[in-house]
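Asker: Take a look at structure-v2.pdb, PDB, C-alpha atoms:
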MODEL        1
ATOM      1  CA  MET F 782      -5.192  19.151  -2.130
ATOM      2  CA  THR F 783      -8.446  17.801  -3.566
ATOM      3  CA  VAL F 784      -8.418  20.316  -6.412
ATOM      4  CA  ILE F 785      -4.917  19.249  -7.467
ATOM      5  CA  ALA F 786      -5.879  15.569  -7.095
ATOM      6  CA  ASN F 787      -8.995  16.064  -9.229
ATOM      7  CA  ILE F 788      -7.000  17.869 -11.909
ATOM      8  CA  LEU F 789      -4.454  15.024 -11.945
ATOM      9  CA  ILE F 790      -7.207  12.401 -12.155
ATOM     10  CA  ILE F 791      -9.086  14.207 -14.917
ATOM     11  CA  ALA F 792      -5.868  14.833 -16.872
ATOM     12  CA  THR F 793      -4.738  11.196 -16.832
ATOM     13  CA  ILE F 794      -8.181   9.819 -17.690
ATOM     14  CA  SER F 795      -8.619  12.406 -20.464
ATOM     15  CA  PHE F 796      -5.160  11.597 -21.826
ATOM     16  CA  GLY F 797      -6.075   7.905 -21.887
ATOM     17  CA  THR F 798      -9.408   8.571 -23.563
ATOM     18  CA  ILE F 799      -7.711  10.606 -26.298
ATOM     19  CA  PHE F 800      -5.260   7.788 -26.970
ATOM     20  CA  ILE F 801      -8.066   5.238 -27.158
ATOM     21  CA  LEU F 802      -9.850   7.524 -29.634
ATOM     22  CA  VAL F 803      -6.639   7.666 -31.691
ATOM     23  CA  THR F 804      -6.589   3.860 -31.596
ATOM     24  CA  ALA F 805     -10.143   3.645 -32.904
ATOM     25  CA  ILE F 806      -9.401   6.104 -35.704
ATOM     26  CA  GLY F 807      -6.212   4.209 -36.563
ATOM     27  CA  LEU F 808      -8.042   0.899 -36.761
ATOM     28  CA  ILE F 809     -10.553   2.404 -39.173
ATOM     29  CA  ARG F 810      -8.265   4.558 -41.321
ATOM     30  CA  LEU F 811      -4.956   2.704 -41.620
ATOM     31  CA  PRO F 812      -4.486   0.654 -44.800
ATOM     32  CA  ASP F 813      -3.053  -2.728 -43.794
ATOM     33  CA  ALA F 814      -2.954  -5.214 -40.959
ATOM     34  CA  TYR F 815       0.551  -4.221 -39.856
ATOM     35  CA  SER F 816      -0.150  -0.542 -39.329
ATOM     36  CA  ARG F 817      -3.471  -1.390 -37.681
ATOM     37  CA  ALA F 818      -1.696  -3.749 -35.296
ATOM     38  CA  HIS F 819       0.771  -0.980 -34.489
ATOM     39  CA  ALA F 820      -2.050   1.446 -33.715
ATOM     40  CA  ALA F 821      -3.905  -1.118 -31.646
ATOM     41  CA  SER F 822      -0.938  -2.222 -29.582
ATOM     42  CA  LYS F 823       0.879   1.027 -28.890
ATOM     43  CA  SER F 824      -1.777   3.682 -28.443
ATOM     44  CA  ALA F 825      -4.383   1.391 -26.864
ATOM     45  CA  THR F 826      -1.811   0.239 -24.314
ATOM     46  CA  LEU F 827      -0.908   3.817 -23.462
ATOM     47  CA  GLY F 828      -4.589   4.787 -23.278
ATOM     48  CA  VAL F 829      -5.614   1.973 -20.957
ATOM     49  CA  MET F 830      -2.533   2.519 -18.794
ATOM     50  CA  SER F 831      -3.397   6.209 -18.430
ATOM     51  CA  ILE F 832      -6.981   5.426 -17.458
ATOM     52  CA  LEU F 833      -5.794   2.878 -14.902
ATOM     53  CA  LEU F 834      -3.356   5.444 -13.541
ATOM     54  CA  GLY F 835      -6.238   7.902 -13.144
ATOM     55  CA  VAL F 836      -8.241   5.238 -11.306
ATOM     56  CA  PHE F 837      -5.232   4.541  -9.087
ATOM     57  CA  PHE F 838      -4.881   8.260  -8.290
ATOM     58  CA  HIS F 839      -8.605   8.485  -7.486
ATOM     59  CA  PHE F 840      -8.526   5.633  -4.999
ATOM     60  CA  TRP F 841      -5.226   6.761  -3.482
ATOM     61  CA  LEU F 842      -5.704  10.531  -3.271
ATOM     62  CA  ILE F 843      -9.493  10.839  -2.886
ATOM     63  CA  GLU F 844     -10.542   7.594  -1.196
ATOM     64  CA  GLY F 845      -7.332   7.032   0.762
ATOM     65  CA  ASN F 846      -6.813   3.437  -0.404
ATOM     66  CA  PHE F 847      -3.461   2.471  -1.894
ATOM     67  CA  ASN F 848      -4.240  -0.331  -4.340
ATOM     68  CA  SER F 849      -1.113  -2.105  -5.546
ATOM     69  CA  ARG F 850      -3.149  -4.386  -7.821
ATOM     70  CA  ILE F 851      -3.877  -1.470 -10.130
ATOM     71  CA  LEU F 852      -0.148  -0.750 -10.340
ATOM     72  CA  LEU F 853       0.494  -4.417 -11.141
ATOM     73  CA  GLY F 854      -2.158  -4.200 -13.870
ATOM     74  CA  ILE F 855      -0.396  -1.166 -15.348
ATOM     75  CA  VAL F 856       2.961  -2.992 -15.348
ATOM     76  CA  PHE F 857       1.350  -6.101 -16.866
ATOM     77  CA  LEU F 858      -0.233  -4.039 -19.660
ATOM     78  CA  PHE F 859       3.023  -2.173 -20.259
ATOM     79  CA  ILE F 860       4.806  -5.474 -20.867
ATOM     80  CA  THR F 861       2.185  -7.572 -22.632
ATOM     81  CA  GLY F 862       0.456  -5.020 -24.899
ATOM     82  CA  PRO F 863       3.344  -4.191 -27.244
ATOM     83  CA  VAL F 864       4.676  -7.756 -27.158
ATOM     84  CA  GLY F 865       1.273  -9.108 -28.177
ATOM     85  CA  GLY F 866       1.025  -6.601 -31.022
ATOM     86  CA  HIS F 867       4.496  -7.558 -32.218
ATOM     87  CA  MET F 868       3.651 -11.258 -32.124
ATOM     88  CA  MET F 869       0.425 -10.745 -34.079
ATOM     89  CA  GLY F 870       2.289  -8.728 -36.713
ATOM     90  CA  ARG F 871       4.998 -11.371 -36.981
ATOM     91  CA  ALA F 872       2.397 -14.143 -37.291
ATOM     92  CA  ALA F 873       0.563 -12.188 -39.992
ATOM     93  CA  TYR F 874       3.811 -11.659 -41.894
ATOM     94  CA  LEU F 875       4.858 -15.307 -41.697
ATOM     95  CA  SER F 876       1.406 -16.478 -42.788
ATOM     96  CA  GLY F 877       1.588 -14.312 -45.902
ATOM     97  CA  VAL F 878      -0.621 -11.307 -45.195
ATOM     98  CA  LYS F 879       0.256  -8.751 -47.866
ATOM     99  CA  MET F 880       1.633  -5.339 -46.997
ATOM    100  CA  TRP F 881       0.067  -2.147 -48.312
ATOM    101  CA  ASP F 882       0.916  -1.458 -51.966
ATOM    102  CA  LYS F 883       2.618   1.841 -51.123
ATOM    103  CA  SER F 884       4.811   0.437 -48.344
ATOM    104  CA  VAL F 885       8.376   1.643 -48.730
ATOM    105  CA  ARG F 886      10.449  -1.065 -47.023
ATOM    106  CA  ASP F 887      10.231  -4.666 -45.972
ATOM    107  CA  ASP F 888      13.062  -5.189 -43.495
ATOM    108  CA  LEU F 889      11.899  -8.629 -42.446
ATOM    109  CA  ALA F 890      11.946 -10.237 -45.931
ATOM    110  CA  GLU F 891      15.703 -10.838 -45.932
ATOM    111  CA  VAL F 892      15.697 -12.376 -42.454
ATOM    112  CA  VAL F 893      12.771 -14.683 -43.205
ATOM    113  CA  LYS F 894      14.369 -15.752 -46.486
ATOM    114  CA  LYS F 895      17.637 -16.707 -44.723
ATOM    115  CA  LYS F 896      15.816 -18.625 -41.995
ATOM    116  CA  ARG F 897      13.752 -20.547 -44.532
ATOM    117  CA  GLU F 898      16.912 -21.458 -46.463
ATOM    118  CA  LYS F 899      18.478 -22.848 -43.243
ATOM    119  CA  ILE F 900      15.431 -25.025 -42.598
ATOM    120  CA  HIS F 901      15.335 -26.512 -46.101
TER     121      HIS F 901
ENDMDL
END
Turn this file's structure into structure tokens for me.
Answerer:
Amino acid sequence: MTVIANILIIATISFGTIFILVTAIGLIRLPDAYSRAHAASKSATLGVMSILLGVFFHFWLIEGNFNSRILLGIVFLFITGPVGGHMMGRAAYLSGVKMWDKSVRDDLAEVVKKKREKIH
């Protein structure tokens, strides 16, 4: 039982560490604020959630303590991480942060233009 528990713990923490490494590489290598925000919100959320899941498994399977607060933290991160990234991207777009020169589409331009016409 402990061998399987240790493998599960190591796998989830390793999975989370890899995703956080992907986040760091994405923040350095990606060209504009929008793709960086995507990398920071999606993969960092998944990485931290995986590490917290590994911590939960450790305390539950090895220590024998079921900690519901860790599960609540995972749910909270699952909800707030991507929403926060979306809101930062939307705020950057509305404040005029330029997209990368080689971006193919701008799906939000039409919507923002219509909303601004309604206001004025």
Asker: For Pro863 of chain F, which residue out of F:Leu875, F:Val803, F:Ala821, F:Ile832 is the nearest one, using only C-alpha atoms?
Answerer: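 Checking each of F:Leu875, F:Val803, F:Ala821, F:Ile832 against Pro863 of chain F, counting only C-alpha atoms, the winner is F:Ala821.
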Asker: Expand the PyMOL selection byres ((chain F and resi 836) around 12) into the explicit residue set it covers here, and present it as a ChimeraX atom specification.
Answerer: /F:786-787,789-795,797,829-835,837-844,846-852,854-855
Asker: Taking into account all atoms listed in the file, which residue in the set F:Val892, F:Ala825, F:Leu853, F:Val885 is nearest to Gly866 of chain F?
Answerer: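 Checking each candidate against Gly866 of chain F, we get F:Ala825 as the closest.
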Asker: Rounded to one decimal place, report the atom CA of Lys896 of chain F-atom CA of Met880 of chain F distance in Å.
Answerer: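 Interatomic distance here is 20.1 Å.
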Asker: Between F:Lys879, F:Leu889, F:Phe857, F:Leu827, which is the closest to Tyr815 of chain F once you count all atoms listed in the file?
Answerer: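 Checking each of F:Lys879, F:Leu889, F:Phe857, F:Leu827 against Tyr815 of chain F, counting all atoms listed in the file, the winner is F:Lys879.
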Asker: List as a list in words the protein and nucleic acid residues near Ser824 of chain F, meaning an atom at most 7 Å away when all atoms listed in the file are counted, but skip any in the same chain fewer than 4 places from it.
Answerer: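 Skipping anything fewer than 4 positions along the chain leaves Phe800, Ile801, Thr804, Ala820 and Gly828 of chain F.
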Asker: Could you tell me how far atom CA of Lys823 of chain F sits from atom CA of His867 of chain F, in Å to one decimal place?
Answerer: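 Result for atom CA of His867 of chain F versus atom CA of Lys823 of chain F: 9.9 Å, one decimal.
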Asker: Distance atom CA of Tyr874 of chain F-atom CA of Lys895 of chain F, one decimal place?
Answerer: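 Separation between atom CA of Tyr874 of chain F and atom CA of Lys895 of chain F: 15.0 Å.
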Asker: Which of these, F:Ile788, F:Ile900, F:Leu802, F:Val864, has the shortest distance to His819 of chain F once you count all atoms listed in the file?
Answerer: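 Counting all atoms listed in the file, the residue closest to His819 of chain F is F:Val864.
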Asker: Counting all atoms listed in the file, which residue out of F:Ile799, F:Val856, F:Ile785, F:Ala873 sits closest to Asp813 of chain F?
Answerer: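 Nearest to Asp813 of chain F: F:Ala873.
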Asker: Check the smallest atom-to-atom distance from each of F:Val784, F:Thr798, F:Ser884, F:Thr861 to Ser816 of chain F using only C-alpha atoms, then report the winner.
Answerer: F:Ser884
